[in-house]
file structure_19.txt (compact mmCIF, C-alpha atoms)
# COMPACT_ATOMS: atom_id res chain seq x y z
CA GLN A 1 135.02 181.18 103.47
CA GLN A 2 137.82 181.21 106.01
CA GLN A 3 136.15 180.60 109.32
CA VAL A 4 139.28 180.60 111.46
CA LYS A 5 141.84 183.37 110.99
CA GLN A 6 145.33 182.94 112.46
CA SER A 7 148.08 185.46 113.03
CA PRO A 8 150.93 186.06 112.65
CA GLN A 9 151.96 183.97 109.65
CA SER A 10 155.50 183.79 110.98
CA LEU A 11 157.13 184.52 114.30
CA ILE A 12 160.71 184.74 115.49
CA VAL A 13 161.35 184.52 119.22
CA GLN A 14 164.54 184.35 121.24
CA LYS A 15 165.18 181.30 123.38
CA GLY A 16 163.47 181.72 126.73
CA GLY A 17 160.95 184.21 125.38
CA ILE A 18 157.19 183.94 125.10
CA SER A 19 155.62 182.98 121.77
CA ILE A 20 152.06 184.17 121.23
CA ILE A 21 149.85 183.05 118.37
CA ASN A 22 146.32 184.35 117.93
CA CYS A 23 143.21 182.98 116.28
CA ALA A 24 139.77 184.40 115.66
CA TYR A 25 136.69 182.52 114.60
CA GLU A 26 133.39 183.54 113.09
CA ASN A 27 130.97 180.72 113.75
CA THR A 28 129.65 180.71 117.31
CA ALA A 29 128.59 177.07 116.87
CA PHE A 30 132.23 175.98 117.23
CA ASP A 31 132.65 174.25 120.56
CA TYR A 32 136.13 172.73 120.52
CA PHE A 33 139.39 174.52 119.82
CA PRO A 34 142.57 172.45 119.48
CA TRP A 35 146.09 173.55 118.62
CA TYR A 36 148.32 171.40 116.47
CA GLN A 37 152.09 171.40 116.05
CA GLN A 38 153.67 170.27 112.79
CA PHE A 39 157.32 169.59 112.12
CA PRO A 40 158.67 169.36 108.55
CA GLY A 41 157.93 166.00 107.01
CA LYS A 42 155.47 165.07 109.75
CA GLY A 43 151.75 165.27 110.17
CA PRO A 44 150.20 167.68 112.68
CA ALA A 45 150.14 166.53 116.29
CA LEU A 46 147.68 167.69 118.94
CA LEU A 47 149.32 170.03 121.42
CA ILE A 48 146.51 171.26 123.63
CA ALA A 49 142.77 171.88 123.30
CA ILE A 50 140.08 173.92 125.03
CA ARG A 51 136.30 174.18 125.19
CA PRO A 52 134.47 177.53 125.35
CA ASP A 53 133.28 176.94 128.92
CA VAL A 54 136.77 177.71 130.29
CA SER A 55 138.88 180.81 129.76
CA GLU A 56 142.31 179.26 130.12
CA LYS A 57 144.00 175.88 129.98
CA LYS A 58 147.61 175.20 130.78
CA GLU A 59 149.72 172.15 130.01
CA GLY A 60 153.38 172.53 130.85
CA ARG A 61 154.80 175.48 128.94
CA PHE A 62 151.73 175.72 126.69
CA THR A 63 148.66 177.79 127.59
CA ILE A 64 145.47 178.47 125.68
CA SER A 65 143.59 181.65 126.50
CA PHE A 66 139.99 181.80 125.31
CA ASN A 67 137.77 184.86 124.97
CA LYS A 68 134.27 183.73 124.03
CA SER A 69 132.76 187.20 123.70
CA ALA A 70 135.52 188.32 121.34
CA LYS A 71 135.52 184.98 119.53
CA GLN A 72 139.28 184.77 119.92
CA PHE A 73 141.72 182.30 121.37
CA SER A 74 145.47 182.27 121.62
CA LEU A 75 148.39 179.96 122.29
CA HIS A 76 151.17 181.07 124.60
CA ILE A 77 154.43 179.15 124.66
CA MET A 78 156.42 180.09 127.73
CA ASP A 79 160.20 179.73 127.90
CA SER A 80 160.32 179.02 124.16
CA GLN A 81 163.01 176.56 123.08
CA PRO A 82 164.67 175.94 119.71
CA GLY A 83 162.91 172.56 119.69
CA ASP A 84 159.60 174.40 119.60
CA SER A 85 160.45 175.67 116.10
CA ALA A 86 157.60 174.30 114.02
CA THR A 87 154.38 175.35 112.33
CA TYR A 88 151.42 175.78 114.64
CA PHE A 89 147.80 175.52 113.59
CA CYS A 90 144.73 176.50 115.52
CA ALA A 91 141.52 174.69 114.65
CA ALA A 92 137.85 174.54 115.55
CA SER A 93 135.06 172.02 115.27
CA PHE A 94 131.32 171.72 115.82
CA ASN A 95 129.75 169.38 118.30
CA ASN A 96 127.61 167.73 115.64
CA ALA A 97 130.21 167.56 112.88
CA GLY A 98 132.13 164.50 113.95
CA ASN A 99 135.86 164.93 113.72
CA MET A 100 135.80 167.58 111.00
CA LEU A 101 138.29 170.31 111.85
CA THR A 102 138.46 173.81 110.39
CA PHE A 103 142.06 174.99 110.54
CA GLY A 104 143.63 178.40 110.70
CA GLY A 105 146.28 179.30 108.15
CA GLY A 106 149.23 178.34 110.35
CA THR A 107 152.10 180.16 112.04
CA ARG A 108 155.70 179.28 111.35
CA LEU A 109 157.60 179.73 114.61
CA MET A 110 161.35 180.01 114.77
CA VAL A 111 163.03 180.10 118.18
CA LYS A 112 166.55 181.45 117.98
CA PRO A 113 169.16 180.04 120.37
CA LYS B 1 151.83 150.95 119.02
CA ALA B 2 152.17 151.82 115.34
CA GLY B 3 150.95 155.22 114.22
CA VAL B 4 148.85 156.15 111.23
CA THR B 5 150.48 154.78 108.10
CA GLN B 6 150.01 156.43 104.75
CA THR B 7 151.23 154.99 101.47
CA PRO B 8 152.85 155.92 99.27
CA ARG B 9 154.79 158.80 100.79
CA TYR B 10 155.46 160.44 97.45
CA LEU B 11 153.66 160.25 94.16
CA ILE B 12 154.11 161.94 90.80
CA LYS B 13 151.27 161.92 88.29
CA THR B 14 150.36 163.81 85.16
CA ARG B 15 147.24 165.80 84.46
CA GLY B 16 144.21 163.72 83.62
CA GLN B 17 145.41 160.63 85.47
CA GLN B 18 143.80 159.27 88.57
CA VAL B 19 145.42 158.36 91.87
CA THR B 20 144.60 156.26 94.93
CA LEU B 21 146.08 156.97 98.32
CA SER B 22 145.96 154.57 101.24
CA CYS B 23 145.68 155.06 104.98
CA SER B 24 145.99 152.48 107.75
CA PRO B 25 144.70 153.86 111.04
CA ILE B 26 146.07 153.14 114.48
CA SER B 27 144.97 149.73 115.67
CA GLY B 28 141.54 150.01 117.29
CA HIS B 29 140.71 153.34 115.68
CA ARG B 30 137.54 153.27 113.65
CA SER B 31 137.23 156.83 112.39
CA VAL B 32 139.38 158.08 109.53
CA SER B 33 139.48 161.63 108.16
CA TRP B 34 141.33 163.04 105.17
CA TYR B 35 142.76 166.52 104.75
CA GLN B 36 144.48 168.36 101.93
CA GLN B 37 147.38 170.64 102.84
CA THR B 38 148.68 173.27 100.40
CA PRO B 39 150.75 176.43 100.93
CA GLY B 40 147.95 178.58 99.56
CA GLN B 41 144.83 177.04 101.11
CA GLY B 42 146.34 175.50 104.22
CA LEU B 43 144.70 172.45 105.76
CA GLN B 44 141.28 171.66 104.36
CA PHE B 45 138.94 168.86 105.39
CA LEU B 46 138.07 166.38 102.65
CA PHE B 47 135.91 163.72 104.29
CA GLU B 48 135.47 161.47 107.32
CA TYR B 49 134.59 157.79 107.44
CA PHE B 50 133.31 155.58 110.21
CA SER B 51 132.09 151.99 109.87
CA GLU B 52 132.57 152.15 106.11
CA THR B 53 130.21 155.13 105.88
CA GLN B 54 131.03 158.71 104.97
CA ARG B 55 129.97 160.92 107.87
CA ASN B 56 131.09 164.33 106.68
CA LYS B 57 132.33 165.81 103.43
CA GLY B 58 134.24 169.01 102.81
CA ASN B 59 133.83 171.42 99.94
CA PHE B 60 135.72 169.56 97.25
CA PRO B 61 134.59 168.53 93.75
CA GLY B 62 133.26 165.07 93.06
CA ARG B 63 136.63 164.07 91.58
CA PHE B 64 137.67 163.49 95.18
CA SER B 65 136.21 160.35 96.67
CA GLY B 66 137.01 157.92 99.41
CA ARG B 67 136.02 154.71 101.05
CA GLN B 68 136.64 152.73 104.19
CA PHE B 69 137.00 149.01 104.51
CA SER B 70 135.75 146.69 107.24
CA ASN B 71 139.21 146.71 108.88
CA SER B 72 138.97 150.55 109.09
CA ARG B 73 141.66 151.09 106.47
CA SER B 74 140.74 153.87 104.09
CA GLU B 75 141.55 154.96 100.60
CA MET B 76 140.96 158.20 98.80
CA ASN B 77 140.83 158.58 95.05
CA VAL B 78 141.29 161.62 92.88
CA SER B 79 140.22 161.28 89.27
CA THR B 80 141.13 163.48 86.30
CA LEU B 81 144.00 165.09 88.15
CA GLU B 82 144.58 168.82 87.82
CA LEU B 83 147.74 170.80 88.54
CA GLY B 84 145.99 172.35 91.54
CA ASP B 85 145.62 168.93 93.14
CA SER B 86 149.32 168.95 93.98
CA ALA B 87 149.36 168.84 97.75
CA LEU B 88 150.16 166.90 100.88
CA TYR B 89 147.24 164.61 101.65
CA LEU B 90 146.93 163.79 105.33
CA CYS B 91 144.98 161.04 106.98
CA ALA B 92 143.93 161.19 110.63
CA SER B 93 142.44 158.45 112.76
CA SER B 94 140.60 158.46 116.05
CA LEU B 95 138.99 155.93 118.34
CA ALA B 96 135.36 156.56 117.46
CA PRO B 97 133.08 159.28 116.24
CA GLN B 98 132.85 162.18 118.58
CA GLN B 99 130.74 161.52 121.63
CA PRO B 100 128.61 164.28 123.13
CA LEU B 101 130.72 166.59 125.29
CA ALA B 102 133.83 164.62 124.45
CA LYS B 103 136.30 164.87 121.66
CA ASN B 104 138.42 162.05 120.42
CA ILE B 105 142.00 162.99 119.66
CA GLN B 106 142.89 162.68 116.01
CA TYR B 107 146.28 161.29 115.17
CA PHE B 108 147.73 162.31 111.82
CA GLY B 109 149.94 160.31 109.51
CA ALA B 110 152.96 161.86 107.78
CA GLY B 111 150.97 162.26 104.59
CA THR B 112 151.31 161.46 100.91
CA ARG B 113 152.87 164.21 98.85
CA LEU B 114 151.23 164.26 95.43
CA SER B 115 152.79 166.19 92.57
CA VAL B 116 150.76 166.64 89.40
CA LEU B 117 152.79 167.56 86.32

call {"tool": "encode", "arguments": {"input": "structure_19.txt", "output": "structure tokens"}}
result
Amino acid sequence: QQQVKQSPQSLIVQKGGISIINCAYENTAFDYFPWYQQFPGKGPALLIAIRPDVSEKKEGRFTISFNKSAKQFSLHIMDSQPGDSATYFCAASFNNAGNMLTFGGGTRLMVKP
Amino acid sequence: KAGVTQTPRYLIKTRGQQVTLSCSPISGHRSVSWYQQTPGQGLQFLFEYFSETQRNKGNFPGRFSGRQFSNSRSEMNVSTLELGDSALYLCASSLAPQQPLAKNIQYFGAGTRLSVL
């Protein structure tokens, strides 16, 4: 059962544009929503994370928007750069499930110069 | 500070064999989790260990097992390998099990790519 659905699977954005990746979850018990960035040959690295008690979190060019009622959250990358080209994963976890993460299917982002 | 180290980086096995993968967490980290990454199924949680005890287990058959040693290093074992076990196996470490209202950042290693022929 896929509990976190991510879209789109791939995304091409021009340099300087805004990249938007969306995720939807089913289980309302999730209480932590991180985004990970993965470059080829590397493991995923935490980019930014949010809890459901806030609607938005911004760190530099990266912003998470969270809609609790719709059970959706999204990652916005402002002023996208070629160096942002990577695969992005949204994830979710339960408060009482330790560090177990449920990941979305991933989005391969390509930023064209 | 050294990151999460996984060995070996690449492994080729044949069906029916067994394999052991190793993970050395970041110094001071006591929690280790394992994930399987495949193009079809994406990233899936295998199990998590803390203080040599398995805390959580994902939905994988019993052929997948793991353990953690007193120095926090962890190994995972897959017995009777199947073609479908070909994947990138990722290890992640964090400081301690999740505290209430706080989340410990998990740091991933580069993974072990297992190919089953």

call {"tool": "interface_residues", "arguments": {"input": "structure_19.txt", "of": "chain A", "to": "chain B", "cutoff": "8 Å", "atoms": "all atoms listed in the file", "output": "VMD selection string"}}
result
chain A and resid 32 41 to 46 95 97 to 106

call {"tool": "residues_around", "arguments": {"input": "structure_19.txt", "residues": "segment 6-10 of chain A", "least_positions_apart": "3", "cutoff": "7 Å", "atoms": "only C-alpha atoms", "output": "list of chain:residue names"}}
result
A:Ile21, A:Asn22, A:Cys23, A:Ala24, A:Gly104, A:Gly105, A:Gly106, A:Thr107, A:Arg108, A:Leu109

call {"tool": "atom_distance", "arguments": {"input": "structure_19.txt", "atom1": "atom CA of Gln36 of chain B", "atom2": "atom CA of Gly3 of chain B"}}
result
19.1 Å

call {"tool": "atom_distance", "arguments": {"input": "structure_19.txt", "atom1": "atom CA of Glu82 of chain B", "atom2": "atom CA of Thr7 of chain B"}}
result
20.5 Å

call {"tool": "residues_around", "arguments": {"input": "structure_19.txt", "residues": "Phe62 of chain A", "least_positions_apart": "4", "cutoff": "6 Å", "atoms": "all atoms listed in the file", "output": "number ranges by chain"}}
result
A: 58, 76-77

call {"tool": "atom_distance", "arguments": {"input": "structure_19.txt", "atom1": "atom CA of Ile50 of chain A", "atom2": "atom CA of Phe33 of chain A"}}
result
5.3 Å

call {"tool": "axis_aligned_box", "arguments": {"input": "structure_19.txt", "around": "segment 68-82 of chain B", "padding_each_side": "5 Å", "output": "JSON"}}
result
{"center_x": 140.2, "center_y": 157.8, "center_z": 97.7, "size_x": 18.8, "size_y": 32.1, "size_z": 32.8}

call {"tool": "residues_near_point", "arguments": {"input": "structure_19.txt", "point": "(138.5, 173.2, 124.6)", "cutoff": "12 Å", "atoms": "all atoms listed in the file", "output": "VMD selection string"}}
result
(chain A and resid 30 to 35 47 to 58 63 to 68 73 to 74 90 to 95) or (chain B and resid 101 to 105)

call {"tool": "residues_around", "arguments": {"input": "structure_19.txt", "residues": "Asn77 of chain B", "least_positions_apart": "3", "cutoff": "8 Å", "atoms": "all atoms listed in the file", "output": "tab-separated table (two decimals) with C-alpha atoms, keeping the file's coordinate frame"}}
result
chain	number	residue	atom	x	y	z
B	18	GLN	CA	143.80	159.27	88.57
B	19	VAL	CA	145.42	158.36	91.87
B	20	THR	CA	144.60	156.26	94.93
B	21	LEU	CA	146.08	156.97	98.32
B	63	ARG	CA	136.63	164.07	91.58
B	64	PHE	CA	137.67	163.49	95.18
B	65	SER	CA	136.21	160.35	96.67
B	66	GLY	CA	137.01	157.92	99.41

call {"tool": "residues_around", "arguments": {"input": "structure_19.txt", "residues": "Val116 of chain B", "least_positions_apart": "2", "cutoff": "6 Å", "atoms": "all atoms listed in the file", "output": "list of chain:residue names"}}
result
B:Ile12, B:Lys13, B:Thr14, B:Leu83, B:Ser86
